Amino acid sequence: MIAYYPLRSCNTFNNFLGVRALALLLGFAIFGAGIVRAEDSGKSGRIAVRAGKVITMDKDDVVVNNAVILIKDGKIVRVGEASKVKIPQGYRVIDALDRWVVPGLIDCHNHTAGSLMDLNDMVYLTNPGLRTLETVMPESENIKQGRAGGVTSVLLIPGSGTNMSGFGTVTKMGGDTVDDMVMRSPGSLKIAQAGNPEWYWFGVGRSYMNYNTRQTLLKAKAYHESWEAFESGDSAVEPDYNPIFAGFRGLFSREFPVSVHTQIYQVLMTTVDMLTKKLKLRTVLDHCTFDAFKLAPLVTKTDAYTVNGPRQFWFDRSQRKMNGNAARWWQGGVHKLGINTDAPVIPQEELPYQAAMACWYGWLPYPALRGLTRIPSEALMVDKRIGSIEVGKDADLGIWTGDPIDPRSSCELTIIDGRIVYDADVRRRF
Amino acid sequence: MTAMKRIMWCGVIAFMLNGSAVSASPPAKLALQGGRIIPVVGEDIAVGTILIENGKIAAIGKDVEIPYDAMVVDVSGQVLFPGMVDVHSSRGLDIRNEPLPVTPFLDVYDAFDPSKLYFEDALRDGVTSIHVIVANNCVIGGLSRVVHPIGITPDEMTQDVHTSLKLSIAPKRRSDRMVQMATLRETFLELSDYLEDLAETKYEESLEDKDEKIDVGPDEAIERGRKLIRSDDYDDKHANLVKLTRGKLGAFVYCETGGDVSRAIKLAKDNGFFDRMTFVLGAACYKAAAEIKASKRPVVLGPELIYRERNAITGEMTETFVPEVFADARIKFSLLPNPNGSLGERYLNYQAARCVRNGVTRKKALSSITINPAKALGMKDRIGSLEVGKIANIVVFSGDPLDFNSWVDQVYVNGIRAYSRETDVRLNRLFGDETSETQSEDDKDKIDEEVPAKDAVEKAKSAAPVGDKIDAETKGTDESKQGS
């Protein structure tokens, strides 16, 4: 149960408000959660959350019990023990004294924040000029569903039908317009190293796919370098602007990562070799399933992030043994380890359930929760804004009945940029 | 057999990772003492010693003085044989051929899977060098490389970026011989057009710096331009073909029938790669034995060693054992294993033994799986026999290599013990009773220690690398299954 206490002293006014709230509640029941925003405190609003437990997920892994979080203008302005933080006048108080407050969950492999019709353009095997910014779709049913699972940010990437399907977009799961939602575009370059693209045309093998992907990247790199030379004064010739390769400049200057659909041993090996080591790209290895965990010794030598899922286990038939993928990566020393859903492959709201499975197969709950929050924010290079509950960061929170990794827990309230975007008391989704 | 095959195909075991662990630091000096030595090149030694220093064979003979600091391995009663060479294999690749017909710009490096069971099996079967190259279903395939079967990445495994291209005279699937040859001719014709255009462009570029324009006519411009082309001017679609036509790349050319052989020779001579050509021959090519002999090019036979032909009128079947024809014609050849064979054809030494059964001399049969393929790969100074100065790729057999009751007991690659039958987990599982009996006492302790998965993870966090951990846990699980 979460109750709201408008901090007003006038009793009659309060009663009046109470009646109005009741009327609004009935309205919600009829018209659905879209109306929540009518009642929340808006962008300039001030919210104080009184929490039983705050998992901050900061660098020191601090957990604050009986805490207060102050939110102002969409940012977190104070986090501390209730005894030390006084709630100032004008703050609307959310009481969550028997709840856990955790950073909003982040999924760095997602297809549902945009239209599902525009995932793959199957004409060419590499599509360097495309971007998912064109497909972002605010306030879709998928987004609302995701928020109900405590998910507040995602990397919306194109599908894996081709080797290079375009640039992804880092978006919030709240906002009425595309501009409201988008945190960064390009969010990443999506590459599918192998797997699905093998079905392209009448079939294509890895030697051709890898050659072709590499050639496209080398062309883009040459474009970037020619501009670098011009801008640093090494070259007097201003290169022609090329809309297809322009987006790659941030990739090669490591301002955003490449997110790679890569799964089995040989494919992941090629990803690390080609993209991380030779082209020196900031790499996020997505999926990392089947027997790929055997490459842990290779991955630990690089700065790549490993984001496992949605398959959480692999049965090794030669050994007749079940392997938890995340657990195996962890054992191999890969600690920059996160979890993804590949929504809609696994519904967005089941991101914590993926982590729960990973734990069931031998991973550890705290690193798993970190793998849903701080790790993906670092992987996407947006950790200055999201991924933890710290002063100055975006007020993206989930209020849970318990540990999100525990499948018995439910998300009761989700806040994005200081706005309540999901409230189970108003309309529970599941 | 199929069930066994299925089990064996089912995945990758930690073995590969263990393999790479040993690759870290070989002992500086190692002596294999007291075995029967079959060096292939040179006379057999009834009881002798091989001394390995820094991964190379330093001494070999009856009375080799063993330095005080050499580790000594007793191989008495066993047989030392050169690591065998699989001269043409596409089994390390994701698919045997790309659907595209002409792909000289591709490299097997990009499709190469060190985790394939094939490499593990290669060690188990005593094969230490593998030429990874695309299969025959192509017009022009990409670059190949020679690897040894230990290591977790292609770079670690590579012995030689030997880089041959693959060409096929026999038609690619769903094509025919006329289209096949037309495509080959067209490819080389397009190459010469490309080179002329490039030369002309280079010549014109060279004029830009000069004030006076000299019109020399197109032919002269091309001639002058050719001299201006540098090796990095070629685009990647043509670079390897240029190397091929200048004899800087090998060519493995597949012929299916006798007629294909003369077409291969003509194509190679017309385009400048005859001196670097190796024949990959289907069984029917024995009919062109005289032509092949005259060409003096290396020959790779197989994997089918018997050619069967039926007389259309009488229905009578003629069977020809192909290696015998080549041996009689005094043509040196290399043999290939047949992974699809229902008998022992997937073992190179079995293929060689079949040759002996059909009248080929033992010497020739042994050469066909060791030194001959090494020559075909241009690596005869490094692999293919047990000689001083060569890479220490050595198989320790329990008996004669051509006796099919012999086991591969140990395999040394670059002087590193890469395989040992005693610790072969998969082999122990398949034939395990006598070996696992002795191990079970130790393993029982492990079952008692078995802990819930989460605790195991925490334990593992501090301790073992992935590979070792998997091994230990597997043994535990298996024992508990047998117990229940």
# chains A, B, ... in the order shown; residues from 1 in each chain; ligands from 1
$ residues_around --residues "stretch 84-92 of chain B" --least-positions-apart "6" --cutoff "8 Å" --atoms "only C-alpha atoms" --output "count of residues only"
29
$ residues_around --residues "A:Val64" --least-positions-apart "2" --cutoff "9 Å" --atoms "only C-alpha atoms" --output "list in words"
Ala51, Gly52, Lys53, Val54, Ile55, Thr56, Val62, Asn66, Ala67, Val68, Val79, Gly80 and Glu81 of chain A
$ residues_around --residues "stretch 349-356 of chain B" --least-positions-apart "5" --cutoff "9 Å" --atoms "only C-alpha atoms" --output "ChimeraX atom specification"
/B:84,125-126,303,305,321,323-324,335-338,344,361-362,364-369,401-404
$ residues_around --residues "B:Ser206" --least-positions-apart "4" --cutoff "9 Å" --atoms "only C-alpha atoms" --output "PyMOL selection string"
chain B and resi 201-202+210+225+228
$ select_by_dssp --residues "stretch 353-450 of chain B" --states "strand (DSSP E)" --output "MDAnalysis selection string"
chainID B and resid 394:397 408:413 416:420
$ closest_atom_pairs --of "chain A" --to "chain B" --cutoff "6 Å" --atoms "only C-alpha atoms" --output "CSV"
residue,atom,partner,partner_atom,distance
A:Gly205,CA,B:Glu98,CA,5.4
A:Arg206,CA,B:Ala111,CA,4.9
A:Ser207,CA,B:Asp110,CA,4.6
A:Asn210,CA,B:Asp110,CA,5.9
A:Gln266,CA,B:Asp113,CA,5.0
A:Arg317,CA,B:Cys10,CA,5.6
A:Ser318,CA,B:Gly11,CA,5.3
A:Gln331,CA,B:Lys461,CA,5.2
A:Gly332,CA,B:Val466,CA,5.3
A:Gly362,CA,B:Lys454,CA,4.7
$ atom_distance --atom1 "atom CA of B:Ile331" --atom2 "atom CA of B:Ile383"
20.7 Å
$ residues_around --residues "stretch 307-311 of chain A" --least-positions-apart "2" --cutoff "6 Å" --atoms "only C-alpha atoms" --output "count of residues only"
10
$ residues_around --residues "B:Ile306" --least-positions-apart "5" --cutoff "8 Å" --atoms "only C-alpha atoms" --output "PyMOL selection string"
chain B and resi 283+319-322
$ residues_around --residues "A:Ser388" --least-positions-apart "3" --cutoff "7 Å" --atoms "only C-alpha atoms" --output "ChimeraX atom specification"
/A:56-58,103,373-374
$ atom_distance --atom1 "atom CA of B:Leu123" --atom2 "atom CA of B:Lys375"
21.1 Å
$ atom_distance --atom1 "atom CA of B:Asn393" --atom2 "atom CA of B:Asp63"
20.9 Å
$ closest_residue --among "B:Val408, B:Glu156, B:Asn414, B:Val179" --to "B:Lys29" --atoms "only C-alpha atoms"
B:Asn414
$ closest_residue --among "B:Ala28, B:Val64, B:Ala329, B:Leu249" --to "B:Ile45" --atoms "only C-alpha atoms"
B:Val64
$ select_by_dssp --residues "stretch 302-455 of chain B" --states "helix (DSSP H, G or I)" --output "JSON, numbers by chain"
{"B": [322, 323, 324, 325, 326, 327, 328, 348, 349, 350, 351, 352, 353, 354, 355, 356, 357, 362, 363, 364, 365, 366, 367, 371, 372, 373, 374, 375, 376, 421, 422, 423, 425, 426, 427, 428, 429, 430, 433, 434, 435, 436, 437, 438, 439, 440, 441, 442, 443, 444, 445, 446, 447, 448, 449, 453, 454, 455]}
$ decode --residues "stretch 188-200 of chain B" --atoms "all heavy atoms" --output "PDB file, in the first residue's frame"
ATOM      1  N   PHE B 188      38.828 -14.173 -64.917  1.00  0.00           N
ATOM      2  CA  PHE B 188      40.203 -13.772 -65.233  1.00  0.00           C
ATOM      3  C   PHE B 188      40.242 -12.691 -66.310  1.00  0.00           C
ATOM      4  O   PHE B 188      41.120 -11.831 -66.314  1.00  0.00           O
ATOM      5  CB  PHE B 188      41.028 -14.998 -65.630  1.00  0.00           C
ATOM      6  CG  PHE B 188      41.362 -15.861 -64.446  1.00  0.00           C
ATOM      7  CD1 PHE B 188      40.731 -17.082 -64.249  1.00  0.00           C
ATOM      8  CD2 PHE B 188      42.292 -15.439 -63.505  1.00  0.00           C
ATOM      9  CE1 PHE B 188      41.025 -17.867 -63.145  1.00  0.00           C
ATOM     10  CE2 PHE B 188      42.586 -16.221 -62.394  1.00  0.00           C
ATOM     11  CZ  PHE B 188      41.949 -17.436 -62.214  1.00  0.00           C
ATOM     12  N   LEU B 189      39.255 -12.715 -67.227  1.00  0.00           N
ATOM     13  CA  LEU B 189      39.163 -11.673 -68.250  1.00  0.00           C
ATOM     14  C   LEU B 189      38.843 -10.331 -67.594  1.00  0.00           C
ATOM     15  O   LEU B 189      39.450  -9.304 -67.908  1.00  0.00           O
ATOM     16  CB  LEU B 189      38.051 -12.047 -69.246  1.00  0.00           C
ATOM     17  CG  LEU B 189      38.200 -11.493 -70.652  1.00  0.00           C
ATOM     18  CD1 LEU B 189      39.487 -12.027 -71.287  1.00  0.00           C
ATOM     19  CD2 LEU B 189      36.993 -11.890 -71.507  1.00  0.00           C
ATOM     20  N   GLU B 190      37.906 -10.382 -66.661  1.00  0.00           N
ATOM     21  CA  GLU B 190      37.528  -9.156 -65.939  1.00  0.00           C
ATOM     22  C   GLU B 190      38.731  -8.618 -65.169  1.00  0.00           C
ATOM     23  O   GLU B 190      38.935  -7.410 -65.088  1.00  0.00           O
ATOM     24  CB  GLU B 190      36.364  -9.466 -64.995  1.00  0.00           C
ATOM     25  CG  GLU B 190      35.632  -8.253 -64.441  1.00  0.00           C
ATOM     26  CD  GLU B 190      36.273  -7.673 -63.200  1.00  0.00           C
ATOM     27  OE1 GLU B 190      36.983  -8.411 -62.467  1.00  0.00           O
ATOM     28  OE2 GLU B 190      36.084  -6.485 -62.948  1.00  0.00           O
ATOM     29  N   LEU B 191      39.540  -9.561 -64.640  1.00  0.00           N
ATOM     30  CA  LEU B 191      40.734  -9.145 -63.904  1.00  0.00           C
ATOM     31  C   LEU B 191      41.687  -8.378 -64.827  1.00  0.00           C
ATOM     32  O   LEU B 191      42.201  -7.326 -64.453  1.00  0.00           O
ATOM     33  CB  LEU B 191      41.439 -10.375 -63.314  1.00  0.00           C
ATOM     34  CG  LEU B 191      42.768 -10.102 -62.622  1.00  0.00           C
ATOM     35  CD1 LEU B 191      42.552  -9.335 -61.338  1.00  0.00           C
ATOM     36  CD2 LEU B 191      43.525 -11.403 -62.353  1.00  0.00           C
ATOM     37  N   SER B 192      41.879  -8.880 -66.056  1.00  0.00           N
ATOM     38  CA  SER B 192      42.836  -8.189 -66.932  1.00  0.00           C
ATOM     39  C   SER B 192      42.269  -6.842 -67.377  1.00  0.00           C
ATOM     40  O   SER B 192      43.022  -5.872 -67.511  1.00  0.00           O
ATOM     41  CB  SER B 192      43.237  -9.076 -68.117  1.00  0.00           C
ATOM     42  OG  SER B 192      42.180  -9.168 -69.019  1.00  0.00           O
ATOM     43  N   ASP B 193      40.937  -6.759 -67.565  1.00  0.00           N
ATOM     44  CA  ASP B 193      40.316  -5.454 -67.858  1.00  0.00           C
ATOM     45  C   ASP B 193      40.545  -4.490 -66.704  1.00  0.00           C
ATOM     46  O   ASP B 193      40.912  -3.329 -66.904  1.00  0.00           O
ATOM     47  CB  ASP B 193      38.794  -5.614 -68.057  1.00  0.00           C
ATOM     48  CG  ASP B 193      38.486  -6.213 -69.417  1.00  0.00           C
ATOM     49  OD1 ASP B 193      39.438  -6.366 -70.212  1.00  0.00           O
ATOM     50  OD2 ASP B 193      37.308  -6.532 -69.671  1.00  0.00           O
ATOM     51  N   TYR B 194      40.325  -5.010 -65.496  1.00  0.00           N
ATOM     52  CA  TYR B 194      40.492  -4.179 -64.309  1.00  0.00           C
ATOM     53  C   TYR B 194      41.921  -3.652 -64.220  1.00  0.00           C
ATOM     54  O   TYR B 194      42.143  -2.473 -63.938  1.00  0.00           O
ATOM     55  CB  TYR B 194      40.132  -5.000 -63.065  1.00  0.00           C
ATOM     56  CG  TYR B 194      40.586  -4.384 -61.764  1.00  0.00           C
ATOM     57  CD1 TYR B 194      39.886  -3.337 -61.183  1.00  0.00           C
ATOM     58  CD2 TYR B 194      41.738  -4.843 -61.126  1.00  0.00           C
ATOM     59  CE1 TYR B 194      40.311  -2.765 -59.999  1.00  0.00           C
ATOM     60  CE2 TYR B 194      42.170  -4.277 -59.949  1.00  0.00           C
ATOM     61  CZ  TYR B 194      41.460  -3.239 -59.383  1.00  0.00           C
ATOM     62  OH  TYR B 194      41.887  -2.668 -58.221  1.00  0.00           O
ATOM     63  N   LEU B 195      42.889  -4.545 -64.495  1.00  0.00           N
ATOM     64  CA  LEU B 195      44.288  -4.141 -64.388  1.00  0.00           C
ATOM     65  C   LEU B 195      44.643  -3.078 -65.431  1.00  0.00           C
ATOM     66  O   LEU B 195      45.407  -2.159 -65.155  1.00  0.00           O
ATOM     67  CB  LEU B 195      45.199  -5.359 -64.519  1.00  0.00           C
ATOM     68  CG  LEU B 195      45.143  -6.342 -63.351  1.00  0.00           C
ATOM     69  CD1 LEU B 195      46.003  -7.569 -63.616  1.00  0.00           C
ATOM     70  CD2 LEU B 195      45.594  -5.662 -62.063  1.00  0.00           C
ATOM     71  N   GLU B 196      44.065  -3.220 -66.630  1.00  0.00           N
ATOM     72  CA  GLU B 196      44.323  -2.207 -67.668  1.00  0.00           C
ATOM     73  C   GLU B 196      43.754  -0.856 -67.254  1.00  0.00           C
ATOM     74  O   GLU B 196      44.418   0.169 -67.377  1.00  0.00           O
ATOM     75  CB  GLU B 196      43.714  -2.659 -69.000  1.00  0.00           C
ATOM     76  CG  GLU B 196      44.541  -3.730 -69.672  1.00  0.00           C
ATOM     77  CD  GLU B 196      43.995  -4.113 -71.040  1.00  0.00           C
ATOM     78  OE1 GLU B 196      43.023  -3.473 -71.495  1.00  0.00           O
ATOM     79  OE2 GLU B 196      44.544  -5.044 -71.636  1.00  0.00           O
ATOM     80  N   ASP B 197      42.514  -0.875 -66.748  1.00  0.00           N
ATOM     81  CA  ASP B 197      41.889   0.374 -66.303  1.00  0.00           C
ATOM     82  C   ASP B 197      42.717   1.021 -65.198  1.00  0.00           C
ATOM     83  O   ASP B 197      42.937   2.227 -65.191  1.00  0.00           O
ATOM     84  CB  ASP B 197      40.470   0.115 -65.784  1.00  0.00           C
ATOM     85  CG  ASP B 197      39.522  -0.227 -66.917  1.00  0.00           C
ATOM     86  OD1 ASP B 197      39.935  -0.061 -68.088  1.00  0.00           O
ATOM     87  OD2 ASP B 197      38.391  -0.650 -66.634  1.00  0.00           O
ATOM     88  N   LEU B 198      43.152   0.167 -64.266  1.00  0.00           N
ATOM     89  CA  LEU B 198      43.925   0.681 -63.132  1.00  0.00           C
ATOM     90  C   LEU B 198      45.223   1.306 -63.621  1.00  0.00           C
ATOM     91  O   LEU B 198      45.618   2.395 -63.190  1.00  0.00           O
ATOM     92  CB  LEU B 198      44.208  -0.465 -62.149  1.00  0.00           C
ATOM     93  CG  LEU B 198      44.926  -0.090 -60.858  1.00  0.00           C
ATOM     94  CD1 LEU B 198      44.071   0.832 -60.010  1.00  0.00           C
ATOM     95  CD2 LEU B 198      45.276  -1.350 -60.056  1.00  0.00           C
ATOM     96  N   ALA B 199      45.872   0.621 -64.580  1.00  0.00           N
ATOM     97  CA  ALA B 199      47.145   1.117 -65.112  1.00  0.00           C
ATOM     98  C   ALA B 199      46.934   2.470 -65.788  1.00  0.00           C
ATOM     99  O   ALA B 199      47.710   3.416 -65.584  1.00  0.00           O
ATOM    100  CB  ALA B 199      47.742   0.105 -66.079  1.00  0.00           C
ATOM    101  N   GLU B 200      45.875   2.570 -66.578  1.00  0.00           N
ATOM    102  CA  GLU B 200      45.603   3.812 -67.296  1.00  0.00           C
ATOM    103  C   GLU B 200      45.354   4.952 -66.298  1.00  0.00           C
ATOM    104  O   GLU B 200      45.861   6.061 -66.438  1.00  0.00           O
ATOM    105  CB  GLU B 200      44.387   3.621 -68.203  1.00  0.00           C
ATOM    106  CG  GLU B 200      44.431   4.506 -69.421  1.00  0.00           C
ATOM    107  CD  GLU B 200      43.380   4.110 -70.459  1.00  0.00           C
ATOM    108  OE1 GLU B 200      42.859   2.977 -70.384  1.00  0.00           O
ATOM    109  OE2 GLU B 200      43.082   4.946 -71.320  1.00  0.00           O
TER     110      GLU B 200
END
